[in-house]
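Shown next: structure13.txt, containing compact mmCIF, C-alpha atoms.
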# COMPACT_ATOMS: atom_id res chain seq x y z
CA MET S 4 29.55 -1.15 -18.62
CA LYS S 5 27.08 0.88 -20.67
CA HIS S 6 27.45 -1.60 -23.52
CA GLU S 7 26.71 -4.58 -21.25
CA LEU S 8 23.73 -2.77 -19.75
CA LYS S 9 22.38 -1.92 -23.19
CA GLU S 10 22.68 -5.56 -24.26
CA SER S 11 20.87 -6.70 -21.11
CA TYR S 12 17.95 -4.36 -21.83
CA GLU S 13 17.87 -5.35 -25.50
CA ALA S 14 17.53 -8.98 -24.40
CA LEU S 15 14.28 -7.94 -22.73
CA GLY S 16 13.09 -6.22 -25.90
CA ILE S 17 13.67 -2.68 -24.65
CA SER S 18 14.79 -0.41 -27.47
CA ASN S 19 17.38 2.36 -27.58
CA LYS S 20 14.62 4.92 -27.96
CA LEU S 21 12.85 3.72 -24.84
CA LEU S 22 16.16 3.71 -22.97
CA GLU S 23 16.66 7.34 -24.01
CA ILE S 24 13.24 8.16 -22.54
CA ALA S 25 14.27 6.31 -19.35
CA ALA S 26 17.58 8.17 -19.10
CA LYS S 27 15.85 11.52 -19.54
CA ALA S 28 13.29 10.55 -16.88
CA GLU S 29 16.02 9.64 -14.38
CA ALA S 30 17.87 12.87 -15.06
CA ASP S 31 14.69 14.87 -14.46
CA LEU S 32 14.03 12.99 -11.20
CA GLN S 33 17.40 13.37 -9.48
CA ASP S 34 16.19 16.00 -7.00
CA ALA S 35 13.09 13.96 -6.21
CA PHE S 36 15.19 10.81 -5.71
CA GLN S 37 17.42 12.70 -3.30
CA ARG S 38 14.41 13.76 -1.23
CA VAL S 39 13.23 10.13 -1.10
CA ASP S 40 16.66 9.01 0.12
CA GLU S 41 16.65 11.68 2.84
CA ILE S 42 13.24 10.48 4.06
CA ALA S 43 14.52 6.89 4.07
CA GLU S 44 17.53 7.90 6.15
CA VAL S 45 15.38 9.59 8.80
CA ASN S 46 13.08 6.57 8.98
CA GLN S 47 15.98 4.11 9.05
CA LEU S 48 17.38 5.87 12.10
CA LYS S 49 13.92 5.88 13.69
CA VAL S 50 13.60 2.11 13.33
CA LEU S 51 17.18 1.49 14.44
CA ARG S 52 16.77 3.58 17.58
CA ALA S 53 13.53 1.78 18.46
CA MET S 54 15.19 -1.63 18.18
CA GLN S 55 18.16 -0.50 20.25
CA ALA S 56 15.94 1.11 22.89
CA HIS S 57 14.14 -2.21 23.46
CA HIS S 58 17.41 -4.18 23.55
CA VAL S 59 16.45 -6.46 20.69
CA GLY S 60 18.69 -9.51 20.94
CA GLU S 61 19.19 -13.03 19.69
CA ALA S 62 16.71 -14.35 22.25
CA HIS S 63 13.92 -12.40 20.56
CA MET S 64 14.34 -14.35 17.32
CA THR S 65 13.09 -17.61 18.83
CA GLY S 66 9.44 -18.39 18.16
CA THR S 67 6.81 -20.09 20.27
CA THR S 68 4.22 -22.78 19.58
CA GLY S 69 0.88 -23.72 21.04
CA TYR S 70 -0.77 -20.93 22.99
CA GLY S 71 2.21 -18.62 22.65
CA HIS S 72 2.19 -17.55 26.29
CA ASN S 73 5.15 -15.44 27.43
CA ASP S 74 6.45 -14.91 23.89
CA LEU S 75 9.31 -12.51 24.57
CA GLY S 76 10.14 -11.95 20.90
CA ARG S 77 6.54 -11.20 19.93
CA ASP S 78 5.95 -8.85 22.85
CA THR S 79 9.21 -6.98 22.25
CA LEU S 80 8.43 -6.63 18.54
CA GLU S 81 5.12 -5.01 19.45
CA ALA S 82 6.93 -2.64 21.78
CA VAL S 83 9.29 -1.74 18.92
CA TYR S 84 6.34 -1.01 16.61
CA ALA S 85 4.76 1.17 19.30
CA SER S 86 8.02 3.13 19.58
CA VAL S 87 8.39 3.53 15.80
CA PHE S 88 4.84 4.87 15.47
CA HIS S 89 4.97 6.81 18.77
CA THR S 90 1.96 5.04 20.27
CA GLU S 91 1.08 3.45 23.60
CA ASP S 92 0.78 -0.08 22.22
CA ALA S 93 0.78 -2.22 19.09
CA LEU S 94 -0.51 -5.56 17.83
CA VAL S 95 1.78 -7.28 15.31
CA ARG S 96 0.74 -10.82 14.46
CA PRO S 97 1.11 -13.48 11.76
CA GLN S 98 -2.51 -14.41 12.54
CA ILE S 99 -3.62 -11.16 10.85
CA THR S 100 -3.98 -12.39 7.29
CA CYS S 101 -3.92 -9.16 5.27
CA GLY S 102 -4.52 -5.41 5.37
CA THR S 103 -8.28 -5.84 5.15
CA HIS S 104 -8.16 -8.23 8.11
CA ALA S 105 -6.08 -5.75 10.12
CA ILE S 106 -8.64 -3.01 9.44
CA ALA S 107 -11.55 -5.34 10.21
CA THR S 108 -9.88 -6.29 13.50
CA ALA S 109 -9.72 -2.61 14.45
CA LEU S 110 -13.34 -2.03 13.46
CA PHE S 111 -14.93 -5.08 15.07
CA GLY S 112 -12.77 -4.73 18.17
CA ASN S 113 -13.86 -1.16 18.85
CA LEU S 114 -17.40 -0.81 17.49
CA ARG S 115 -20.56 -2.06 19.17
CA PRO S 116 -24.21 -2.40 18.05
CA GLY S 117 -25.75 1.03 17.64
CA ASP S 118 -22.40 2.78 17.07
CA THR S 119 -21.79 4.86 13.96
CA LEU S 120 -18.75 4.42 11.72
CA PHE S 121 -18.03 7.45 9.55
CA SER S 122 -15.72 7.55 6.52
CA ALA S 123 -14.56 11.13 6.10
CA ALA S 124 -12.51 10.28 3.02
CA GLY S 125 -15.15 9.05 0.62
CA ALA S 126 -15.80 5.47 -0.37
CA PRO S 127 -13.56 2.83 1.25
CA TYR S 128 -11.37 0.37 -0.63
CA ASP S 129 -13.32 -2.33 -2.46
CA THR S 130 -12.62 -5.16 0.00
CA LEU S 131 -13.95 -3.10 2.91
CA GLU S 132 -17.37 -2.73 1.35
CA GLU S 133 -18.31 -6.22 2.52
CA VAL S 134 -16.67 -5.71 5.92
CA ILE S 135 -18.84 -2.65 6.49
CA GLY S 136 -21.93 -4.04 4.77
CA ILE S 137 -22.12 -1.60 1.86
CA ARG S 138 -22.27 -4.74 -0.22
CA ALA S 139 -24.19 -7.52 1.50
CA SER S 140 -21.87 -10.03 3.13
CA ARG S 141 -22.02 -12.64 5.85
CA GLY S 142 -20.78 -11.25 9.18
CA SER S 143 -20.54 -7.58 8.17
CA LEU S 144 -20.74 -4.68 10.61
CA ALA S 145 -24.20 -3.96 9.25
CA GLU S 146 -25.37 -7.34 10.58
CA TYR S 147 -24.29 -6.17 14.03
CA ASN S 148 -26.29 -2.97 13.66
CA VAL S 149 -23.27 -0.72 13.25
CA GLN S 150 -24.40 2.30 11.27
CA TYR S 151 -22.30 3.69 8.43
CA ARG S 152 -22.02 7.25 7.16
CA GLN S 153 -19.83 8.65 4.42
CA ALA S 154 -18.72 12.11 3.29
CA ASP S 155 -17.65 12.06 -0.32
CA LEU S 156 -14.58 14.00 -1.36
CA LYS S 157 -14.75 17.17 -3.42
CA GLU S 158 -14.15 16.96 -7.15
CA ASP S 159 -10.49 17.88 -6.62
CA GLY S 160 -10.06 14.96 -4.20
CA THR S 161 -9.85 17.05 -1.02
CA PHE S 162 -11.92 16.66 2.14
CA ASP S 163 -15.40 18.17 2.05
CA TYR S 164 -15.51 19.86 5.44
CA ASP S 165 -19.11 21.04 5.02
CA ALA S 166 -20.27 17.45 4.42
CA ILE S 167 -18.11 16.22 7.30
CA ASP S 168 -19.59 18.82 9.63
CA LYS S 169 -23.13 17.69 8.82
CA VAL S 170 -22.34 14.10 9.79
CA LEU S 171 -20.60 15.20 12.99
CA GLN S 172 -23.73 16.98 14.16
CA ASN S 173 -24.81 13.51 15.31
CA LYS S 174 -22.82 11.22 17.61
CA VAL S 175 -20.09 9.21 15.85
CA LYS S 176 -18.01 6.49 17.52
CA MET S 177 -15.24 6.14 14.95
CA VAL S 178 -14.02 8.14 11.97
CA THR S 179 -12.02 6.20 9.40
CA ILE S 180 -9.57 7.85 7.02
CA GLN S 181 -8.07 5.86 4.17
CA ARG S 182 -4.62 7.30 3.50
CA SER S 183 -4.03 5.67 0.12
CA ARG S 184 -6.18 6.04 -2.99
CA GLY S 185 -7.43 2.46 -3.27
CA TYR S 186 -8.88 1.71 -6.71
CA SER S 187 -9.72 5.33 -7.40
CA LEU S 188 -7.99 8.29 -9.01
CA ARG S 189 -8.35 10.60 -6.03
CA PRO S 190 -5.09 11.77 -4.42
CA SER S 191 -3.50 9.95 -1.55
CA PHE S 192 -3.50 12.04 1.61
CA SER S 193 -0.44 13.61 3.17
CA VAL S 194 0.09 13.34 6.91
CA SER S 195 -0.33 17.12 7.12
CA ALA S 196 -3.77 16.90 5.45
CA ILE S 197 -4.72 14.11 7.86
CA LYS S 198 -3.55 16.25 10.77
CA GLU S 199 -5.83 19.10 9.69
CA LEU S 200 -8.79 16.74 9.32
CA ILE S 201 -8.26 15.08 12.70
CA ALA S 202 -8.00 18.46 14.44
CA TYR S 203 -11.26 19.54 12.80
CA ILE S 204 -13.02 16.34 13.88
CA LYS S 205 -11.68 16.39 17.45
CA GLU S 206 -12.78 19.99 17.89
CA ARG S 207 -16.36 18.87 17.29
CA GLN S 208 -16.29 15.46 18.94
CA PRO S 209 -13.24 15.11 21.23
CA ASP S 210 -14.00 11.51 22.20
CA VAL S 211 -14.34 10.15 18.66
CA ILE S 212 -11.82 7.48 17.59
CA CYS S 213 -9.81 8.65 14.58
CA PHE S 214 -8.64 5.53 12.76
CA VAL S 215 -6.32 5.71 9.75
CA ASP S 216 -5.93 2.93 7.21
CA ASN S 217 -2.17 3.31 6.80
CA CYS S 218 -1.70 0.68 4.07
CA TYR S 219 0.95 1.65 1.48
CA GLY S 220 1.81 4.84 3.36
CA GLU S 221 4.30 3.74 6.01
CA PHE S 222 7.73 5.40 5.80
CA THR S 223 6.90 7.49 2.72
CA GLU S 224 7.10 10.57 4.96
CA VAL S 225 9.15 11.29 8.07
CA ILE S 226 6.06 11.29 10.28
CA GLU S 227 3.05 8.99 10.51
CA PRO S 228 -0.66 9.66 11.23
CA THR S 229 -0.14 8.69 14.88
CA ASP S 230 2.26 11.64 15.17
CA VAL S 231 -0.56 14.07 14.33
CA GLY S 232 -3.49 12.83 16.40
CA ALA S 233 -4.62 9.50 14.94
CA ASP S 234 -5.79 7.23 17.75
CA LEU S 235 -5.25 4.04 15.77
CA ILE S 236 -3.61 2.91 12.52
CA ALA S 237 -3.46 -0.43 10.74
CA GLY S 238 -1.56 -1.99 7.87
CA SER S 239 -0.24 -5.13 6.22
CA LEU S 240 3.19 -6.70 6.66
CA ILE S 241 3.30 -7.81 3.02
CA LYS S 242 3.28 -4.12 2.17
CA ASN S 243 5.74 -1.45 3.35
CA PRO S 244 6.57 -2.43 6.97
CA GLY S 245 7.42 -6.02 6.09
CA GLY S 246 10.35 -4.92 3.97
CA GLY S 247 9.60 -7.56 1.34
CA ILE S 248 10.75 -10.50 3.47
CA THR S 249 8.01 -10.86 6.08
CA PRO S 250 5.90 -13.79 4.84
CA CYS S 251 2.53 -12.77 6.28
CA GLY S 252 0.84 -10.73 8.97
CA GLY S 253 -0.51 -7.32 9.83
CA TYR S 254 -0.22 -4.67 12.50
CA LEU S 255 -2.20 -2.15 14.50
CA ALA S 256 -0.67 0.67 16.54
CA GLY S 257 -2.39 3.18 18.76
CA ASN S 258 -3.94 3.86 22.14
CA LYS S 259 -3.58 0.98 24.57
CA GLU S 260 -7.31 0.46 25.15
CA LEU S 261 -8.06 0.39 21.43
CA ILE S 262 -5.28 -2.15 20.84
CA GLU S 263 -6.53 -4.35 23.69
CA ASN S 264 -10.05 -4.23 22.25
CA ALA S 265 -8.73 -5.28 18.84
CA ALA S 266 -6.65 -8.08 20.40
CA ALA S 267 -9.72 -9.42 22.19
CA TYR S 268 -11.47 -9.65 18.83
CA LEU S 269 -8.46 -11.21 17.09
CA THR S 270 -7.95 -13.98 19.66
CA SER S 271 -10.59 -14.25 22.38
CA PRO S 272 -12.10 -12.07 25.10
CA GLY S 273 -10.10 -12.59 28.26
CA MET S 274 -7.01 -13.72 26.34
CA GLY S 275 -6.26 -10.84 23.97
CA LYS S 276 -2.57 -10.18 23.44
CA ASP S 277 -1.43 -12.96 25.81
CA VAL S 278 -1.90 -15.71 23.24
CA GLY S 279 -0.80 -16.23 19.66
CA ALA S 280 2.23 -18.32 18.77
CA SER S 281 4.90 -16.65 16.65
CA LEU S 282 6.27 -20.00 15.43
CA GLY S 283 9.62 -19.47 13.66
CA ILE S 284 9.02 -16.29 11.71
CA LEU S 285 10.10 -13.57 14.13
CA PRO S 286 13.50 -12.97 12.45
CA SER S 287 11.73 -11.97 9.24
CA PHE S 288 9.40 -9.67 11.18
CA TYR S 289 12.30 -7.85 12.81
CA GLN S 290 14.48 -7.77 9.72
CA GLY S 291 11.58 -6.77 7.49
CA LEU S 292 10.83 -3.77 9.69
CA PHE S 293 14.53 -2.86 9.70
CA LEU S 294 14.69 -2.99 5.89
CA SER S 295 11.36 -1.29 5.30
CA PRO S 296 12.50 2.37 5.10
CA THR S 297 14.97 1.57 2.31
CA VAL S 298 12.67 -0.86 0.50
CA THR S 299 9.84 1.67 0.66
CA ALA S 300 12.17 4.31 -0.78
CA ASN S 301 12.98 2.00 -3.71
CA ALA S 302 9.26 1.55 -4.34
CA VAL S 303 8.67 5.32 -4.25
CA LYS S 304 11.50 5.86 -6.74
CA GLY S 305 9.95 3.22 -9.00
CA ALA S 306 6.61 5.01 -8.82
CA LEU S 307 8.23 8.33 -9.70
CA PHE S 308 9.99 6.72 -12.66
CA ALA S 309 6.75 5.12 -13.85
CA ALA S 310 4.98 8.47 -13.68
CA ARG S 311 7.68 10.23 -15.67
CA VAL S 312 7.95 7.58 -18.38
CA PHE S 313 4.21 7.26 -18.93
CA GLU S 314 3.78 11.04 -18.89
CA THR S 315 6.32 11.13 -21.70
CA LEU S 316 4.32 8.49 -23.55
CA GLY S 317 1.21 10.64 -23.29
CA TYR S 318 -0.80 8.92 -20.54
CA ALA S 319 -2.59 10.53 -17.61
CA VAL S 320 -0.86 9.61 -14.36
CA SER S 321 -1.70 10.26 -10.71
CA PRO S 322 0.25 11.53 -8.92
CA SER S 323 2.39 13.32 -11.47
CA SER S 324 6.16 12.96 -11.41
CA ASN S 325 6.37 16.47 -9.92
CA GLU S 326 4.13 15.82 -6.91
CA GLU S 327 5.15 14.85 -3.40
CA ARG S 328 4.51 11.22 -2.50
CA HIS S 329 2.37 10.02 0.40
CA ASP S 330 2.22 6.32 -0.50
CA ILE S 331 3.88 3.92 -2.95
CA ILE S 332 0.98 3.73 -5.43
CA GLN S 333 1.22 5.03 -8.98
CA ALA S 334 -2.03 5.17 -10.98
CA ILE S 335 -1.87 5.26 -14.78
CA THR S 336 -5.07 5.68 -16.79
CA LEU S 337 -4.92 3.35 -19.79
CA LYS S 338 -8.54 3.75 -21.02
CA THR S 339 -8.99 0.27 -22.50
CA PRO S 340 -9.13 -3.22 -20.97
CA GLU S 341 -6.57 -4.41 -23.52
CA LYS S 342 -3.97 -1.91 -22.33
CA LEU S 343 -4.68 -2.67 -18.69
CA LEU S 344 -4.01 -6.33 -19.39
CA ALA S 345 -0.94 -5.45 -21.48
CA PHE S 346 0.59 -3.37 -18.67
CA CYS S 347 0.13 -6.24 -16.24
CA GLU S 348 1.63 -8.67 -18.75
CA GLY S 349 4.69 -6.44 -18.93
CA ILE S 350 5.10 -6.34 -15.16
CA GLN S 351 4.68 -10.10 -14.95
CA SER S 352 7.29 -10.64 -17.66
CA ALA S 353 9.81 -8.73 -15.54
CA ALA S 354 9.20 -10.83 -12.42
CA PRO S 355 11.78 -13.15 -10.82
CA VAL S 356 9.00 -15.65 -10.07
CA ASP S 357 6.40 -16.89 -12.60
CA ALA S 358 7.63 -14.57 -15.36
CA HIS S 359 6.27 -17.10 -17.86
CA VAL S 360 2.69 -16.72 -16.57
CA THR S 361 0.13 -14.45 -18.24
CA PRO S 362 -2.10 -12.55 -15.78
CA VAL S 363 -5.81 -12.63 -16.60
CA ALA S 364 -8.83 -10.86 -15.14
CA SER S 365 -10.91 -12.94 -12.77
CA ASP S 366 -13.35 -12.80 -9.89
CA MET S 367 -11.67 -12.33 -6.53
CA ALA S 368 -13.00 -12.57 -3.00
CA GLY S 369 -13.90 -9.15 -1.65
CA TYR S 370 -14.11 -7.35 -5.01
CA GLY S 371 -17.24 -6.33 -6.89
CA ASP S 372 -15.51 -6.27 -10.30
CA GLN S 373 -13.16 -8.68 -11.97
CA VAL S 374 -9.56 -7.77 -11.16
CA VAL S 375 -6.28 -8.40 -12.97
CA MET S 376 -3.20 -8.74 -10.82
CA ALA S 377 0.44 -9.10 -11.85
CA GLY S 378 3.12 -9.96 -9.36
CA GLY S 379 5.72 -12.67 -9.61
CA THR S 380 6.70 -12.26 -5.98
CA PHE S 381 8.69 -14.27 -3.45
CA VAL S 382 5.93 -13.67 -0.90
CA SER S 383 2.59 -14.50 -2.47
CA GLY S 384 0.57 -11.34 -3.09
CA SER S 385 3.23 -9.03 -1.67
CA SER S 386 2.60 -5.54 -3.00
CA ILE S 387 5.84 -4.06 -1.67
CA GLU S 388 7.41 -6.32 -4.28
CA LEU S 389 7.03 -5.30 -7.92
CA SER S 390 3.35 -5.64 -8.80
CA ALA S 391 0.45 -4.04 -10.63
CA ASP S 392 -3.29 -4.55 -10.58
CA GLY S 393 -6.58 -2.94 -11.40
CA PRO S 394 -10.32 -3.53 -11.64
CA MET S 395 -11.78 -4.24 -15.06
CA ARG S 396 -13.87 -1.10 -15.17
CA ALA S 397 -13.60 2.33 -16.78
CA PRO S 398 -11.30 4.25 -16.97
CA TYR S 399 -9.17 1.08 -16.89
CA ALA S 400 -6.50 2.51 -14.64
CA VAL S 401 -3.63 0.34 -13.49
CA PHE S 402 -2.24 0.70 -9.98
CA PHE S 403 1.50 0.07 -9.97
CA GLN S 404 3.47 -0.37 -6.78
CA GLY S 405 6.48 -1.95 -5.17
CA GLY S 406 9.97 -2.95 -6.14
CA LEU S 407 12.42 -4.29 -3.58
CA THR S 408 15.15 -2.60 -5.60
CA TYR S 409 14.92 0.44 -7.84
CA PRO S 410 16.62 -1.32 -10.82
CA HIS S 411 13.94 -4.01 -10.75
CA ALA S 412 11.15 -1.43 -10.60
CA LYS S 413 12.76 0.33 -13.57
CA VAL S 414 12.87 -2.87 -15.62
CA GLY S 415 9.23 -3.57 -14.81
CA VAL S 416 8.12 -0.10 -15.92
CA LEU S 417 10.00 -0.40 -19.20
CA CYS S 418 8.63 -3.88 -19.92
CA ALA S 419 5.13 -2.56 -19.21
CA ALA S 420 5.74 0.38 -21.54
CA VAL S 421 6.75 -2.02 -24.30
CA ARG S 422 3.57 -4.07 -23.96
CA VAL S 423 1.25 -1.07 -23.74
CA SER S 424 2.93 0.65 -26.68
CA GLN S 425 2.51 -2.42 -28.88
CA GLY S 426 -1.23 -2.04 -28.45
CA ASP S 427 -1.06 1.47 -29.92
CA GLY S 428 0.09 0.22 -33.31
CA TYR S 429 1.64 3.07 -35.29
CA SER S 430 -0.90 5.71 -34.34
CA ASP S 431 0.30 9.21 -33.53
CA SER S 432 -2.44 9.58 -30.87
CA HIS S 433 0.24 9.49 -28.15
CA GLY S 434 3.10 10.73 -30.33
CA LEU S 435 4.56 7.23 -30.33
CA SER S 436 5.04 6.49 -34.03
CA SER S 437 8.80 6.99 -33.89
CA ILE S 438 9.02 4.77 -30.84
CA MET S 439 6.88 1.97 -32.22
CA LEU S 440 9.34 1.08 -34.94
CA LEU S 441 12.04 0.47 -32.34
CA ILE S 442 10.12 -1.59 -29.79
CA HIS S 443 10.31 -5.23 -30.73
CA LEU S 444 9.36 -7.51 -27.84
CA PRO S 445 7.04 -10.22 -29.26
CA LEU S 446 3.76 -10.69 -27.44
CA SER S 447 4.41 -14.43 -27.32
CA ALA S 448 7.35 -13.90 -24.96
CA ASN S 449 5.09 -14.01 -21.90
CA THR S 450 2.86 -16.90 -22.85
Show me, as structure tokens, the structure contained in the file I just sent.
Amino acid sequence: MKHELKESYEALGISNKLLEIAAKAEADLQDAFQRVDEIAEVNQLKVLRAMQAHHVGEAHMTGTTGYGHNDLGRDTLEAVYASVFHTEDALVRPQITCGTHAIATALFGNLRPGDTLFSAAGAPYDTLEEVIGIRASRGSLAEYNVQYRQADLKEDGTFDYDAIDKVLQNKVKMVTIQRSRGYSLRPSFSVSAIKELIAYIKERQPDVICFVDNCYGEFTEVIEPTDVGADLIAGSLIKNPGGGITPCGGYLAGNKELIENAAAYLTSPGMGKDVGASLGILPSFYQGLFLSPTVTANAVKGALFAARVFETLGYAVSPSSNEERHDIIQAITLKTPEKLLAFCEGIQSAAPVDAHVTPVASDMAGYGDQVVMAGGTFVSGSSIELSADGPMRAPYAVFFQGGLTYPHAKVGVLCAAVRVSQGDGYSDSHGLSSIMLLIHLPLSANT
């Protein structure tokens, strides 16, 4: 078996030396992998119990058309989500196009002219800048006279409570907390850190809405932000909770009034959650949620493996392979645009779909910089599937995530290592000279 496996890796251009690095990485990570599996088991039981409690049956797999009135499958799915996240209500819809749309639905549904939105976790993710109006955009919150305040993080990436306190001396309607790092090198936040922040905020303004952008964080811990005081969370179904098979959609979970407000914005005032056809995709919504704890665990293992391998190759990674995980994102600082592109080429070459395509940097809606994205995925743009991306700006960090299976994530990391290492030539700057002679994948293989 080892011989066949070695031959399979050699066919992808992965050398014996690189496989030795991979084997050492996996040996070092066994305890961490076991912790990830334990978290997955707790979350799997949580999802299973929620589905059983709501008597999910064959009848719930049938979709609706037209207005979508009395959609039993859709309404039951939302009840399951509310149970999983321990909230009063949830909104889970294919009409929510992406994570940014889910967040925008929460914001526009619950903020009114004259209200203040406060980010206590520093700058928001790039695509939210136009939603808020930090960058001018048609239809932003700023156009509706919603004020925005921001408390930057400390240099070590932790919350700046002094800065937060200054903002809270004036009335704030909603505080937003982005759990994942976005396109930055600050740490992702643990649920325990979010708990401490929410308690601090509520002590000063008890009525403020604490809203957590939960994208990439679902099921990476045994509890969620709604277990520690968050009034509202939102995320994308082509990330963790879709399990890699849900073809589209997003979710919100939280207090009933906040969900109803968001639903009124998503559909129409007076109609809210009562309308919205589910068509024929409910089976993938249910099954995706059921699979998501295990799929998320595979992605976390892939991120740990990526961290360990690229640490060995001499690159700065965040988080390190020794740190606890609070989302599925692995950042690797590559320092040059060429290496950023090379990493993405490697990920693309390992894809089951469009492996022959070369990713290039380009302008993308919602982003201020050109972005390169690699992801030969079954669901277009799915970042719970093996993918990597990054903005074309210093320090040229790549953000690696996903992997429906750990073996696929492993292959992707090794293919990326091959491509990045080729760009180093035979320099000893990363201690790679002995490895370079044994890595032989031609650059033309992905063109």
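Using only C-alpha atoms, the smallest distance between any of S:Ala123, S:Ile248, S:Ala265, S:Val83 and Ala109 of chain S comes from S:Ala265.
If all atoms listed in the file are the atoms counted, then among S:Thr100, S:Pro398, S:Leu389, S:Val215 the closest residue to Asp230 of chain S is S:Val215.
Of the residues under consideration (S:Thr361, S:Asn325, S:Gly125, S:Thr79), S:Gly125 shows the shortest atom-to-atom contact distance to Glu158 of chain S when counting all atoms listed in the file.
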Q. Between S:Ile332, S:Ala400, S:Ala420, S:Leu307, which is the closest to Asp34 of chain S once you count only C-alpha atoms?
A. S:Leu307
Residues at most 8 Å from Ala62 of chain S, counting only C-alpha atoms, excluding those fewer than 2 positions away in the same chain, as a CSV table (one decimal) with C-alpha atoms, in the frame of the given file?
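Now in around_2.csv:
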chain,number,residue,atom,x,y,z
S,60,GLY,CA,18.7,-9.5,20.9
S,64,MET,CA,14.3,-14.4,17.3
S,65,THR,CA,13.1,-17.6,18.8
S,75,LEU,CA,9.3,-12.5,24.6
S,76,GLY,CA,10.1,-12.0,20.9
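Distance-wise, atom CA of Thr249 of chain S and atom CA of Leu269 of chain S end up 19.8 Å apart.
Taking only C-alpha atoms into account, Pro127 of chain S lies nearest to S:Leu156 out of the set S:Leu255, S:Leu156, S:Leu15, S:Ala266.
The two atoms in question, atom CA of Gly142 of chain S and atom CA of Phe111 of chain S, are spaced 10.3 Å apart.
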Could N, CA and C atoms be built for segment 394-406 of chain S and written out as a tab-separated table (two decimals), keeping the file's coordinate frame?
chain	number	residue	atom	x	y	z
S	394	PRO	N	-9.00	-2.97	-11.36
S	394	PRO	CA	-10.32	-3.53	-11.64
S	394	PRO	C	-10.67	-3.36	-13.11
S	395	MET	N	-11.40	-4.30	-13.65
S	395	MET	CA	-11.78	-4.24	-15.06
S	395	MET	C	-13.02	-3.37	-15.21
S	396	ARG	N	-12.81	-2.08	-15.02
S	396	ARG	CA	-13.87	-1.10	-15.17
S	396	ARG	C	-13.26	0.22	-15.63
S	397	ALA	N	-14.07	1.04	-16.30
S	397	ALA	CA	-13.60	2.33	-16.78
S	397	ALA	C	-13.14	3.17	-15.59
S	398	PRO	N	-12.06	3.94	-15.74
S	398	PRO	CA	-11.30	4.25	-16.97
S	398	PRO	C	-10.14	3.31	-17.23
S	399	TYR	N	-10.21	2.09	-16.69
S	399	TYR	CA	-9.17	1.08	-16.89
S	399	TYR	C	-7.80	1.62	-16.48
S	400	ALA	N	-7.76	2.04	-15.23
S	400	ALA	CA	-6.50	2.51	-14.64
S	400	ALA	C	-5.77	1.32	-14.03
S	401	VAL	N	-4.46	1.35	-14.16
S	401	VAL	CA	-3.63	0.34	-13.49
S	401	VAL	C	-3.00	0.99	-12.28
S	402	PHE	N	-2.82	0.21	-11.22
S	402	PHE	CA	-2.24	0.70	-9.98
S	402	PHE	C	-0.93	-0.07	-9.77
S	403	PHE	N	0.15	0.64	-10.00
S	403	PHE	CA	1.50	0.07	-9.97
S	403	PHE	C	2.14	0.37	-8.63
S	404	GLN	N	2.83	-0.61	-8.07
S	404	GLN	CA	3.47	-0.37	-6.78
S	404	GLN	C	4.61	-1.36	-6.58
S	405	GLY	N	5.46	-1.02	-5.64
S	405	GLY	CA	6.48	-1.95	-5.17
S	405	GLY	C	7.77	-1.92	-5.95
S	406	GLY	N	8.63	-2.84	-5.59
S	406	GLY	CA	9.97	-2.95	-6.14
S	406	GLY	C	10.96	-2.99	-5.00
